[in-house]
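So this block is entry-v5.txt, compact mmCIF, C-alpha atoms:
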# COMPACT_ATOMS: atom_id res chain seq x y z
CA MET A 1 42.18 -46.97 42.24
CA SER A 2 42.69 -43.69 44.08
CA TYR A 3 39.79 -41.23 43.98
CA PHE A 4 40.60 -37.69 42.85
CA GLU A 5 37.87 -35.04 42.88
CA GLY A 6 39.55 -33.18 40.05
CA LEU A 7 42.70 -31.25 39.28
CA LYS A 8 42.95 -27.61 40.35
CA LEU A 9 45.16 -25.01 38.72
CA THR A 10 48.14 -23.75 40.68
CA LYS A 11 48.94 -20.03 40.76
CA LYS A 12 51.54 -20.49 38.02
CA GLY A 13 49.02 -22.59 36.11
CA GLU A 14 46.47 -19.76 36.30
CA GLN A 15 49.05 -17.28 35.03
CA LEU A 16 50.00 -19.52 32.10
CA GLN A 17 46.32 -20.16 31.30
CA ALA A 18 45.59 -16.43 31.26
CA LYS A 19 48.52 -15.87 28.90
CA ILE A 20 47.34 -18.36 26.27
CA ASN A 21 43.55 -17.80 26.40
CA GLY A 22 42.58 -16.47 22.97
CA ASN A 23 46.20 -15.52 22.22
CA LEU A 24 47.25 -17.22 18.98
CA SER A 25 50.87 -16.19 19.46
CA GLU A 26 51.11 -18.34 22.63
CA THR A 27 50.93 -22.14 22.88
CA LEU A 28 50.14 -24.16 26.00
CA THR A 29 52.22 -27.36 25.83
CA PHE A 30 51.59 -30.22 28.28
CA THR A 31 54.79 -32.10 29.08
CA LYS A 32 54.15 -34.87 31.65
CA ALA A 33 52.48 -35.84 34.91
CA LYS A 34 54.16 -36.69 38.20
CA LEU A 35 52.82 -39.25 40.67
CA GLY A 36 53.37 -39.12 44.40
CA SER A 37 52.35 -40.13 47.89
CA GLY A 38 52.49 -36.74 49.63
CA SER A 39 49.72 -35.14 51.69
CA ILE A 40 48.38 -31.59 51.85
CA THR A 41 46.64 -29.85 54.73
CA SER A 42 43.81 -28.47 52.56
CA ASN A 43 42.91 -27.76 48.94
CA ASP A 44 43.84 -24.11 49.55
CA GLU A 45 47.47 -25.24 49.62
CA ILE A 46 47.27 -26.38 45.96
CA ARG A 47 47.36 -22.86 44.54
CA PHE A 48 50.86 -22.26 45.94
CA LEU A 49 52.45 -25.62 45.07
CA THR A 50 55.31 -25.71 42.56
CA ASP A 51 55.89 -29.50 42.62
CA VAL A 52 54.29 -32.66 43.95
CA LYS A 53 55.07 -33.34 47.62
CA GLU A 54 56.61 -36.83 47.48
CA GLU A 55 57.28 -37.98 43.93
CA TRP A 56 57.75 -41.66 43.11
CA GLY A 57 57.05 -41.79 39.38
CA THR A 58 56.08 -40.02 36.17
CA ALA A 59 53.38 -40.54 33.54
CA ASN A 60 53.96 -39.68 29.89
CA VAL A 61 51.49 -37.71 27.81
CA THR A 62 49.99 -39.99 25.15
CA SER A 63 47.17 -37.89 23.75
CA CYS A 64 46.04 -34.27 23.56
CA LYS A 65 42.65 -33.57 21.99
CA ILE A 66 40.42 -30.50 21.66
CA GLN A 67 36.79 -31.44 22.23
CA GLY A 68 33.33 -29.90 22.56
CA ASP A 69 31.07 -28.16 20.06
CA GLU A 70 32.87 -24.87 20.73
CA LYS A 71 36.33 -26.51 20.79
CA ASN A 72 36.88 -25.24 24.34
CA ILE A 73 37.66 -28.49 26.18
CA VAL A 74 41.12 -30.05 26.14
CA ALA A 75 41.51 -33.73 27.08
CA ILE A 76 44.99 -34.82 28.19
CA GLU A 77 45.70 -38.55 28.46
CA VAL A 78 48.72 -39.86 30.37
CA GLN A 79 49.93 -43.44 30.88
CA PHE A 80 52.13 -45.20 33.41
CA SER A 81 52.77 -48.74 34.62
CA ASN A 82 54.19 -50.48 37.67
CA ALA A 83 57.01 -52.09 35.66
CA GLU A 84 59.77 -50.02 37.31
CA LEU A 85 58.53 -50.17 40.90
CA ARG A 86 60.66 -51.83 43.56
CA GLU A 87 58.00 -51.59 46.27
CA ASP A 88 54.29 -50.90 46.61
CA LYS A 89 53.51 -47.20 46.28
CA ILE A 90 50.79 -45.02 47.77
CA PHE A 91 49.08 -43.21 44.92
CA ARG A 92 47.77 -40.10 46.68
CA GLU A 93 48.79 -37.15 44.50
CA VAL A 94 49.14 -36.32 40.82
CA GLY A 95 50.51 -33.18 39.18
CA LEU A 96 50.22 -32.15 35.54
CA TYR A 97 53.08 -30.11 34.10
CA ALA A 98 53.09 -27.68 31.19
CA GLN A 99 55.03 -24.84 29.60
CA GLY A 100 54.45 -21.76 27.46
CA ASN A 101 56.50 -20.28 24.66
CA GLU A 102 59.28 -19.33 27.07
CA GLY A 103 59.93 -23.01 27.79
CA GLU A 104 59.75 -22.91 31.60
CA GLU A 105 58.07 -26.11 32.81
CA ILE A 106 55.70 -25.47 35.72
CA LEU A 107 53.25 -27.44 37.86
CA TYR A 108 50.11 -26.52 35.96
CA ALA A 109 47.49 -28.41 37.96
CA TYR A 110 47.37 -30.73 40.95
CA ALA A 111 45.03 -33.15 42.74
CA ASN A 112 45.26 -35.04 46.02
CA ALA A 113 43.14 -38.04 46.98
CA GLY A 114 43.63 -37.52 50.72
CA ASP A 115 42.54 -40.63 52.61
CA LYS A 116 40.87 -42.01 49.46
CA TYR A 117 44.18 -43.19 48.06
CA ASP A 118 45.08 -46.65 46.81
CA TYR A 119 48.27 -48.69 46.48
CA ILE A 120 50.07 -49.38 43.22
CA PRO A 121 51.32 -53.00 43.57
CA LEU A 122 54.55 -54.48 42.30
CA MET A 123 54.51 -55.86 38.78
CA LYS A 124 55.36 -59.38 39.97
CA ASP A 125 52.25 -59.38 42.14
CA SER A 126 49.89 -57.72 39.67
CA PRO A 127 51.15 -56.28 36.36
CA HIS A 128 49.23 -53.13 35.58
CA SER A 129 49.22 -50.24 33.15
CA PHE A 130 47.21 -47.15 34.03
CA VAL A 131 45.54 -44.47 31.91
CA LEU A 132 44.49 -41.11 33.34
CA VAL A 133 42.53 -38.50 31.39
CA PHE A 134 42.36 -34.87 32.52
CA TYR A 135 39.81 -32.38 31.17
CA PHE A 136 40.23 -28.59 31.18
CA ASN A 137 38.20 -25.69 29.86
CA ILE A 138 40.03 -23.24 27.61
CA THR A 139 39.01 -20.23 25.57
CA SER A 140 37.87 -21.28 22.10
CA GLY A 141 40.66 -20.75 19.60
CA SER A 142 43.51 -21.14 22.11
CA LYS A 143 46.55 -23.07 20.88
CA VAL A 144 47.26 -26.28 22.82
CA ASP A 145 49.96 -28.88 22.21
CA ALA A 146 51.67 -31.73 24.07
CA LYS A 147 54.95 -33.64 24.15
CA ILE A 148 53.57 -37.01 23.10
CA ASP A 149 55.31 -40.24 24.09
CA LEU A 150 55.53 -42.14 20.80
CA HIS A 151 56.24 -45.41 22.65
CA SER A 152 52.87 -45.45 24.38
CA TYR A 153 50.23 -48.09 23.71
CA ILE A 154 46.67 -47.61 22.47
CA THR A 155 43.79 -48.31 24.80
CA HIS A 156 40.99 -50.76 24.08
CA GLN A 157 38.62 -47.82 23.55
CA GLU A 158 40.96 -46.16 21.03
CA PHE A 159 41.38 -49.46 19.20
CA ASN A 160 37.60 -49.89 18.87
CA GLU A 161 37.15 -46.29 17.74
CA GLU A 162 39.72 -46.66 14.96
CA MET A 163 38.44 -50.08 13.91
CA SER A 164 34.94 -48.62 13.55
CA LYS A 165 36.39 -46.35 10.84
CA LYS A 166 37.81 -49.29 8.91
CA VAL A 167 36.33 -49.46 5.44
CA ASN A 168 35.44 -52.70 3.69
CA LYS A 169 36.14 -53.00 -0.02
CA THR A 170 32.41 -52.87 -0.78
CA ASP A 171 31.52 -49.88 1.44
CA TYR A 172 30.56 -46.69 -0.38
CA ALA A 173 31.54 -43.31 1.02
CA SER A 174 28.99 -40.90 2.45
CA ALA A 175 29.04 -37.63 4.33
CA GLU A 176 29.25 -39.65 7.56
CA GLN A 177 31.79 -42.37 6.74
CA TYR A 178 34.84 -43.21 4.66
CA GLY A 179 34.51 -45.56 1.71
CA ILE A 180 34.72 -46.08 -2.03
CA VAL A 181 34.15 -42.97 -4.09
CA LYS A 182 34.01 -42.24 -7.82
CA TYR A 183 35.76 -39.19 -9.19
CA GLY A 184 33.60 -36.79 -11.15
CA THR A 185 31.64 -33.54 -11.09
CA GLN A 186 28.13 -34.97 -10.78
CA GLY A 187 26.14 -35.80 -7.65
CA ASN A 188 27.49 -38.62 -5.42
CA THR A 189 30.96 -38.22 -6.91
CA ALA A 190 34.09 -36.57 -5.53
CA LEU A 191 36.51 -34.04 -6.97
CA GLU A 192 40.17 -35.08 -6.91
CA GLY A 193 42.30 -32.93 -4.59
CA ASN A 194 44.63 -31.80 -7.38
CA LYS A 195 41.65 -30.61 -9.46
CA ILE A 196 41.34 -27.57 -7.19
CA GLU A 197 44.91 -26.62 -8.10
CA GLU A 198 44.19 -27.20 -11.79
CA ILE A 199 41.07 -25.02 -11.66
CA THR A 200 42.47 -22.16 -9.54
CA GLY A 201 46.13 -22.35 -10.48
CA LYS A 202 46.97 -22.21 -6.76
CA THR A 203 47.88 -24.83 -4.16
CA TYR A 204 44.98 -25.64 -1.83
CA GLY A 205 45.97 -25.09 1.81
CA GLY A 206 42.88 -26.35 3.65
CA VAL A 207 40.09 -24.86 5.76
CA LEU A 208 40.63 -21.23 6.74
CA ASN A 209 38.71 -21.56 10.02
CA GLU A 210 41.01 -24.20 11.48
CA ILE A 211 43.80 -23.18 13.84
CA GLY A 212 47.28 -23.15 12.32
CA LEU A 213 49.62 -21.30 9.99
CA LYS A 214 48.18 -20.16 6.66
CA GLU A 215 50.82 -19.76 3.92
CA ALA A 216 50.95 -16.92 1.42
CA GLY A 217 50.11 -18.02 -2.12
CA LYS A 218 47.82 -20.89 -1.07
CA THR A 219 44.03 -20.96 -1.18
CA TYR A 220 41.80 -21.65 1.84
CA PHE A 221 38.08 -22.42 2.08
CA ASP A 222 36.01 -20.46 4.61
CA LYS A 223 33.22 -22.68 5.95
CA ASN A 224 31.36 -19.62 7.29
CA THR A 225 31.18 -17.56 4.08
CA LYS A 226 31.42 -20.59 1.72
CA LYS A 227 34.09 -18.74 -0.25
CA LEU A 228 37.58 -19.61 -1.44
CA TYR A 229 40.28 -17.12 -0.40
CA LEU A 230 43.83 -16.53 -1.60
CA CYS A 231 46.24 -15.96 1.29
CA LYS A 232 48.35 -12.83 0.73
CA ASN A 233 50.58 -13.01 3.83
CA ASN A 234 51.61 -15.77 6.24
CA ASN A 235 49.23 -15.58 9.21
CA THR A 236 47.28 -17.58 11.80
CA ASP A 237 43.85 -16.00 11.22
CA VAL A 238 40.74 -18.18 11.50
CA SER A 239 38.55 -15.71 9.59
CA ALA A 240 39.02 -13.85 6.32
CA ASN A 241 40.88 -10.70 7.40
CA ILE A 242 40.93 -8.39 4.36
CA ASN A 243 44.57 -7.52 5.08
CA ASN A 244 45.59 -11.16 4.60
CA TYR A 245 43.02 -12.63 2.20
CA ILE A 246 41.27 -11.87 -1.06
CA ALA A 247 38.21 -13.84 -2.19
CA MET A 248 38.85 -15.72 -5.44
CA ASP A 249 35.75 -17.87 -5.88
CA SER A 250 33.73 -17.26 -9.07
CA HIS A 251 30.93 -15.37 -7.30
CA SER A 252 33.36 -12.95 -5.60
CA ILE A 253 35.23 -12.36 -8.87
CA LEU A 254 31.90 -11.68 -10.64
CA GLU A 255 30.98 -9.16 -7.95
CA ARG A 256 34.27 -7.34 -8.48
CA LEU A 257 33.82 -7.37 -12.27
CA GLU A 258 30.29 -5.96 -12.01
CA ASN A 259 31.63 -3.13 -9.87
CA LEU A 260 34.95 -2.83 -11.69
CA ILE A 261 34.73 0.80 -12.79
CA LYS A 262 33.81 3.53 -10.31
CA ILE A 263 33.10 7.20 -11.04
CA LYS A 264 34.14 10.13 -8.85
CA LYS A 265 33.07 13.75 -9.48
CA TYR A 266 35.17 16.74 -8.55
CA SER A 267 34.53 20.49 -8.90
CA ALA A 268 37.40 22.85 -9.69
CA THR A 269 37.58 26.63 -10.03
CA THR A 270 39.70 27.79 -12.97
CA GLN A 271 41.85 30.89 -13.39
CA ASP A 272 41.79 33.23 -16.40
CA TYR A 273 44.81 33.02 -18.71
CA ILE A 274 44.00 34.47 -22.11
CA SER A 275 41.30 36.85 -23.38
CA ILE A 276 40.13 36.35 -26.93
CA ASN A 277 37.57 37.85 -29.29
CA GLY A 278 38.03 41.33 -27.90
CA GLY A 279 37.72 40.17 -24.28
CA THR A 280 34.30 38.58 -24.70
CA LEU A 281 35.75 35.05 -24.33
CA ILE A 282 38.23 33.79 -21.76
CA ILE A 283 40.50 30.72 -21.73
CA SER A 284 40.49 29.69 -18.07
CA GLU A 285 42.46 26.70 -16.65
CA SER A 286 43.38 24.96 -13.39
CA ARG A 287 46.14 22.45 -12.54
CA ILE A 288 45.23 19.71 -10.05
CA ASP A 289 48.25 17.97 -8.51
CA ASN A 290 47.94 14.66 -6.61
CA LEU A 291 44.59 14.08 -8.25
CA LYS A 292 43.86 10.71 -6.62
CA ASN A 293 44.42 12.06 -3.13
CA LYS A 294 42.60 15.33 -3.92
CA ILE A 295 39.39 13.62 -5.09
CA GLY A 296 39.58 10.82 -2.50
CA ILE A 297 40.22 7.60 -4.43
CA PRO A 298 42.72 4.82 -3.48
CA LEU A 299 46.30 5.64 -4.41
CA ASN A 300 46.78 2.16 -5.88
CA SER A 301 43.77 2.53 -8.18
CA THR A 302 44.10 3.08 -11.92
CA ILE A 303 42.39 6.03 -13.61
CA VAL A 304 40.96 4.91 -16.93
CA SER A 305 39.41 8.20 -18.09
CA VAL A 306 38.81 11.84 -17.18
CA SER A 307 36.11 14.00 -18.71
CA THR A 308 34.27 17.24 -18.03
CA GLY A 309 30.61 17.80 -17.40
CA GLN A 310 30.21 19.80 -20.65
CA SER A 311 27.82 22.50 -19.49
CA VAL A 312 25.93 24.53 -22.14
CA GLY A 313 27.81 27.65 -23.16
CA TYR A 314 31.24 26.26 -22.27
CA CYS A 315 33.97 24.64 -24.33
CA GLU A 316 35.49 22.35 -21.68
CA TYR A 317 38.47 19.98 -21.69
CA CYS A 318 40.51 17.89 -19.26
CA THR A 319 43.82 16.02 -19.60
CA TYR A 320 45.59 13.67 -17.18
CA ASN A 321 49.29 12.77 -16.74
CA TYR A 322 49.61 9.20 -15.39
CA GLU A 323 53.24 9.59 -14.33
CA SER A 324 52.76 12.71 -12.19
CA ASP A 325 49.10 12.09 -11.21
CA THR A 326 48.29 15.59 -12.44
CA ALA A 327 45.18 16.83 -14.24
CA ILE A 328 44.74 20.02 -16.29
CA VAL A 329 41.14 21.20 -16.62
CA GLY A 330 39.97 24.26 -18.53
CA HIS A 331 37.31 25.86 -20.68
CA ILE A 332 36.63 28.71 -23.09
CA VAL A 333 33.79 30.74 -21.59
CA PRO A 334 32.08 34.08 -22.03
CA SER A 335 33.79 36.56 -19.71
CA GLY A 336 30.70 36.92 -17.56
CA ASN A 337 30.15 33.19 -16.92
CA SER A 338 31.16 31.07 -13.89
CA ARG A 339 34.71 29.72 -13.78
CA THR A 340 33.64 26.42 -12.11
CA VAL A 341 34.08 23.16 -14.01
CA VAL A 342 33.08 19.60 -12.99
CA ILE A 343 35.28 16.67 -13.97
CA ASN A 344 34.34 12.97 -13.92
CA VAL A 345 37.09 10.50 -13.05
CA ALA A 346 36.56 6.81 -13.90
CA TYR A 347 38.89 4.42 -12.06
CA ILE A 348 39.37 0.75 -11.18
Mind turning this structure into structure tokens?
Amino acid sequence: MSYFEGLKLTKKGEQLQAKINGNLSETLTFTKAKLGSGSITSNDEIRFLTDVKEEWGTANVTSCKIQGDEKNIVAIEVQFSNAELREDKIFREVGLYAQGNEGEEILYAYANAGDKYDYIPLMKDSPHSFVLVFYFNITSGSKVDAKIDLHSYITHQEFNEEMSKKVNKTDYASAEQYGIVKYGTQGNTALEGNKIEEITGKTYGGVLNEIGLKEAGKTYFDKNTKKLYLCKNNNTDVSANINNYIAMDSHSILERLENLIKIKKYSATTQDYISINGGTLIISESRIDNLKNKIGIPLNSTIVSVSTGQSVGYCEYCTYNYESDTAIVGHIVPSGNSRTVVINVAYI
């Protein structure tokens, strides 16, 4: 088999890679590989290539997997055979092709074996199928896809890997392997998937931290915070952005209930309106428009009560109009006393 030191990104490949790194609105899609017999003068030439030099065949993408602990390695598998060849071919070069959201297919990466090439024989002489796997580093969280050939075959390694997951009728499930499981709420039992919907009243959408579209109205589990979140807007977040999610697990709801009512104090200076008792007492009032904004509480909050501080020597009162968000505060005070009154606003 030909010896390739490793694929190198072309200039267009570098540009496409830079566009998708960490950008969840862009997807890098691998489309195919081309095989050829062409030569290059040096590896420096690779950066400026836009196609293989002397193409004689193509290889279809059969697998695209994200690997590594940090999910920053993409493994692309391609397959080809010598079934269509009419003559022996020099296998000296291979190019991997990809596209971004705009759909323009480009030569993403290229490798040349130089004088370490081999021949691909005719099928009648030696029937062969070939599997090539390419590995690339990407930024964790980048979106990668591939145009998979559904007519490809599985390799011996893939067959063994899947067979190792096969469950016998007597095997019991564990955290490490599939198997028989009993439904229930006790230890060593499993909760049916639809039970989450019955408990929460919402459709369970999956793990929040996994890449993909999150749908409004569905719940998602955050493996980092160990909380269940309700999605408010369609998004592709992989963490619980407060603009798109609200925690709805029992602990989070309890926290909100324990801190349900908040109190805000506000000082107002009243104006004299009426003198009574020979001028010794004054009725003094003040109108506070846009109360929520004036005292600095959220506009979507609900005021549940307003009250005055009730200082000694004052007869204080406060009323609130929910429709106009207006408060009237006043007091009956001796003419020589301060005209300042403190109101307490309770809101949720």
Non-local contacts of stretch 19-21 of chain A (8 Å; all atoms listed in the file; under 5 positions in same chain excluded) as a PyMOL selection string | chain A and resi 26-28+100+138-143
Separation of atom CA of A:Lys147 and atom CA of A:Glu54, in Å?
-> 23.6 Å
Taking only C-alpha atoms into account, produce a table as a Markdown table in which each residue of stretch 96-215 of chain A with an atom at most 9 Å from an atom of stretch 69-85 of chain A appears once, together with its shortest atom pair and the distance in Å to one decimal, ordered by chain and rising number.
| residue | atom | partner | partner_atom | distance |
| --- | --- | --- | --- | --- |
| A:Ile120 | CA | A:Asn82 | CA | 7.0 |
| A:Pro121 | CA | A:Asn82 | CA | 7.0 |
| A:Leu122 | CA | A:Leu85 | CA | 6.0 |
| A:Met123 | CA | A:Ala83 | CA | 5.5 |
| A:Lys124 | CA | A:Ala83 | CA | 8.6 |
| A:Ser126 | CA | A:Asn82 | CA | 8.7 |
| A:Pro127 | CA | A:Asn82 | CA | 6.7 |
| A:His128 | CA | A:Ser81 | CA | 5.7 |
| A:Ser129 | CA | A:Ser81 | CA | 4.1 |
| A:Phe130 | CA | A:Phe80 | CA | 5.3 |
| A:Val131 | CA | A:Gln79 | CA | 4.6 |
| A:Leu132 | CA | A:Val78 | CA | 5.3 |
| A:Val133 | CA | A:Glu77 | CA | 4.3 |
| A:Phe134 | CA | A:Ile76 | CA | 5.1 |
| A:Tyr135 | CA | A:Ala75 | CA | 4.6 |
| A:Phe136 | CA | A:Val74 | CA | 5.3 |
| A:Asn137 | CA | A:Ile73 | CA | 4.7 |
| A:Ile138 | CA | A:Asn72 | CA | 5.0 |
| A:Thr139 | CA | A:Asn72 | CA | 5.6 |
| A:Ser140 | CA | A:Asn72 | CA | 4.7 |
| A:Gly141 | CA | A:Lys71 | CA | 7.3 |
| A:Ser142 | CA | A:Asn72 | CA | 8.1 |
| A:Val144 | CA | A:Val74 | CA | 7.9 |
| A:Ala146 | CA | A:Ile76 | CA | 8.4 |
| A:Ser152 | CA | A:Gln79 | CA | 7.4 |
| A:Tyr153 | CA | A:Gln79 | CA | 8.6 |
Which residues come within 8 Å of A:Thr58, counting only C-alpha atoms, excluding same-chain residues fewer than 4 positions away, as a count of residues only?
-> 5
Coordinates-based distance that separates atom CA of A:Tyr97 from atom CA of A:Glu161 (Å, one decimal) | 28.0 Å
Can you pull out every residue within 7 Å of stretch 255-266 of chain A, counting all atoms listed in the file, but drop anything in the same chain fewer than 6 positions away, and send it as a ChimeraX atom specification?
-> /A:295,342-348
In Å to one decimal, how far is atom CA of A:Asp145 from atom CA of A:Gly68?
-> 16.7 Å
For A:Asp51, list every protein, DNA or RNA residue within 7 Å, evaluated using only C-alpha atoms, and leave out those in the same chain fewer than 2 positions away; present the list as a ChimeraX atom specification.
-> /A:49,53,107
Using only C-alpha atoms: which of A:Lys12, A:Ile211, A:Ile276, A:Asp222 has the shortest distance to A:Asn241 = A:Asp222
Counting only C-alpha atoms, what is within 10 Å of A:Ile242, bar same-chain residues fewer than 3 positions away, as number ranges by chain?
-> A: 229, 231-232, 239, 245-247
Closest of A:Glu93, A:Asp118, A:Glu285, A:Glu45 to A:Thr269 - atom-to-atom distances counting only C-alpha atoms = A:Glu285
Residue with the minimum atom-to-atom distance to A:Asn43, picked from A:Glu198, A:Asp125, A:Glu55, A:Glu5 with all atoms listed in the file counted, is A:Glu5
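Closest approach to A:Arg339 from the set A:Asp44, A:Asp237, A:Glu316, A:Asp88 is made by A:Glu316, with distances taken over all atoms listed in the file.
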Find the axis-aligned box for stretch 205-220 of chain A, covering all its listed atoms and adding 4 Å on each side, and write its centre and edge lengths in Å to one decimal as JSON.
{"center_x": 44.8, "center_y": -21.6, "center_z": 5.9, "size_x": 20.2, "size_y": 17.4, "size_z": 24.0}
Can we get stretch 78-97 of chain A of that structure written down with N, CA and C atoms, as a compact mmCIF listing (two decimals), in the first residue's frame?
# COMPACT_ATOMS: atom_id res chain seq x y z
N VAL A 78 -13.09 6.63 4.35
CA VAL A 78 -13.53 6.51 2.96
C VAL A 78 -13.21 5.11 2.46
N GLN A 79 -13.98 4.65 1.46
CA GLN A 79 -13.78 3.31 0.90
C GLN A 79 -13.75 3.39 -0.63
N PHE A 80 -12.93 2.51 -1.21
CA PHE A 80 -12.94 2.35 -2.67
C PHE A 80 -12.47 0.93 -3.00
N SER A 81 -12.72 0.51 -4.22
CA SER A 81 -12.30 -0.82 -4.66
C SER A 81 -11.72 -0.72 -6.07
N ASN A 82 -11.16 -1.83 -6.53
CA ASN A 82 -10.59 -1.85 -7.87
C ASN A 82 -11.55 -2.46 -8.89
N ALA A 83 -12.86 -2.50 -8.53
CA ALA A 83 -13.84 -3.17 -9.39
C ALA A 83 -14.00 -2.50 -10.74
N GLU A 84 -13.83 -1.16 -10.80
CA GLU A 84 -14.08 -0.43 -12.04
C GLU A 84 -12.81 -0.18 -12.86
N LEU A 85 -11.67 -0.60 -12.38
CA LEU A 85 -10.41 -0.31 -13.07
C LEU A 85 -10.29 -1.14 -14.35
N ARG A 86 -9.71 -0.51 -15.37
CA ARG A 86 -9.43 -1.18 -16.63
C ARG A 86 -7.95 -1.44 -16.83
N GLU A 87 -7.14 -0.86 -15.93
CA GLU A 87 -5.70 -1.08 -15.95
C GLU A 87 -5.14 -0.81 -14.57
N ASP A 88 -3.94 -1.31 -14.29
CA ASP A 88 -3.30 -1.03 -13.01
C ASP A 88 -3.11 0.48 -12.85
N LYS A 89 -3.27 0.95 -11.62
CA LYS A 89 -3.15 2.38 -11.37
C LYS A 89 -2.08 2.66 -10.30
N ILE A 90 -1.34 3.74 -10.54
CA ILE A 90 -0.39 4.22 -9.52
C ILE A 90 -1.19 5.00 -8.48
N PHE A 91 -1.06 4.58 -7.24
CA PHE A 91 -1.76 5.28 -6.16
C PHE A 91 -0.74 6.16 -5.44
N ARG A 92 -0.60 7.41 -5.93
CA ARG A 92 0.41 8.31 -5.38
C ARG A 92 -0.20 9.49 -4.62
N GLU A 93 -1.41 9.88 -4.95
CA GLU A 93 -1.99 11.07 -4.33
C GLU A 93 -3.43 10.81 -3.91
N VAL A 94 -3.84 11.52 -2.86
CA VAL A 94 -5.22 11.45 -2.37
C VAL A 94 -5.62 12.84 -1.90
N GLY A 95 -6.83 13.24 -2.27
CA GLY A 95 -7.36 14.54 -1.85
C GLY A 95 -8.71 14.36 -1.19
N LEU A 96 -8.92 15.05 -0.09
CA LEU A 96 -10.19 15.00 0.64
C LEU A 96 -10.95 16.29 0.37
N TYR A 97 -12.22 16.16 0.01
CA TYR A 97 -13.03 17.31 -0.39
C TYR A 97 -14.11 17.59 0.64
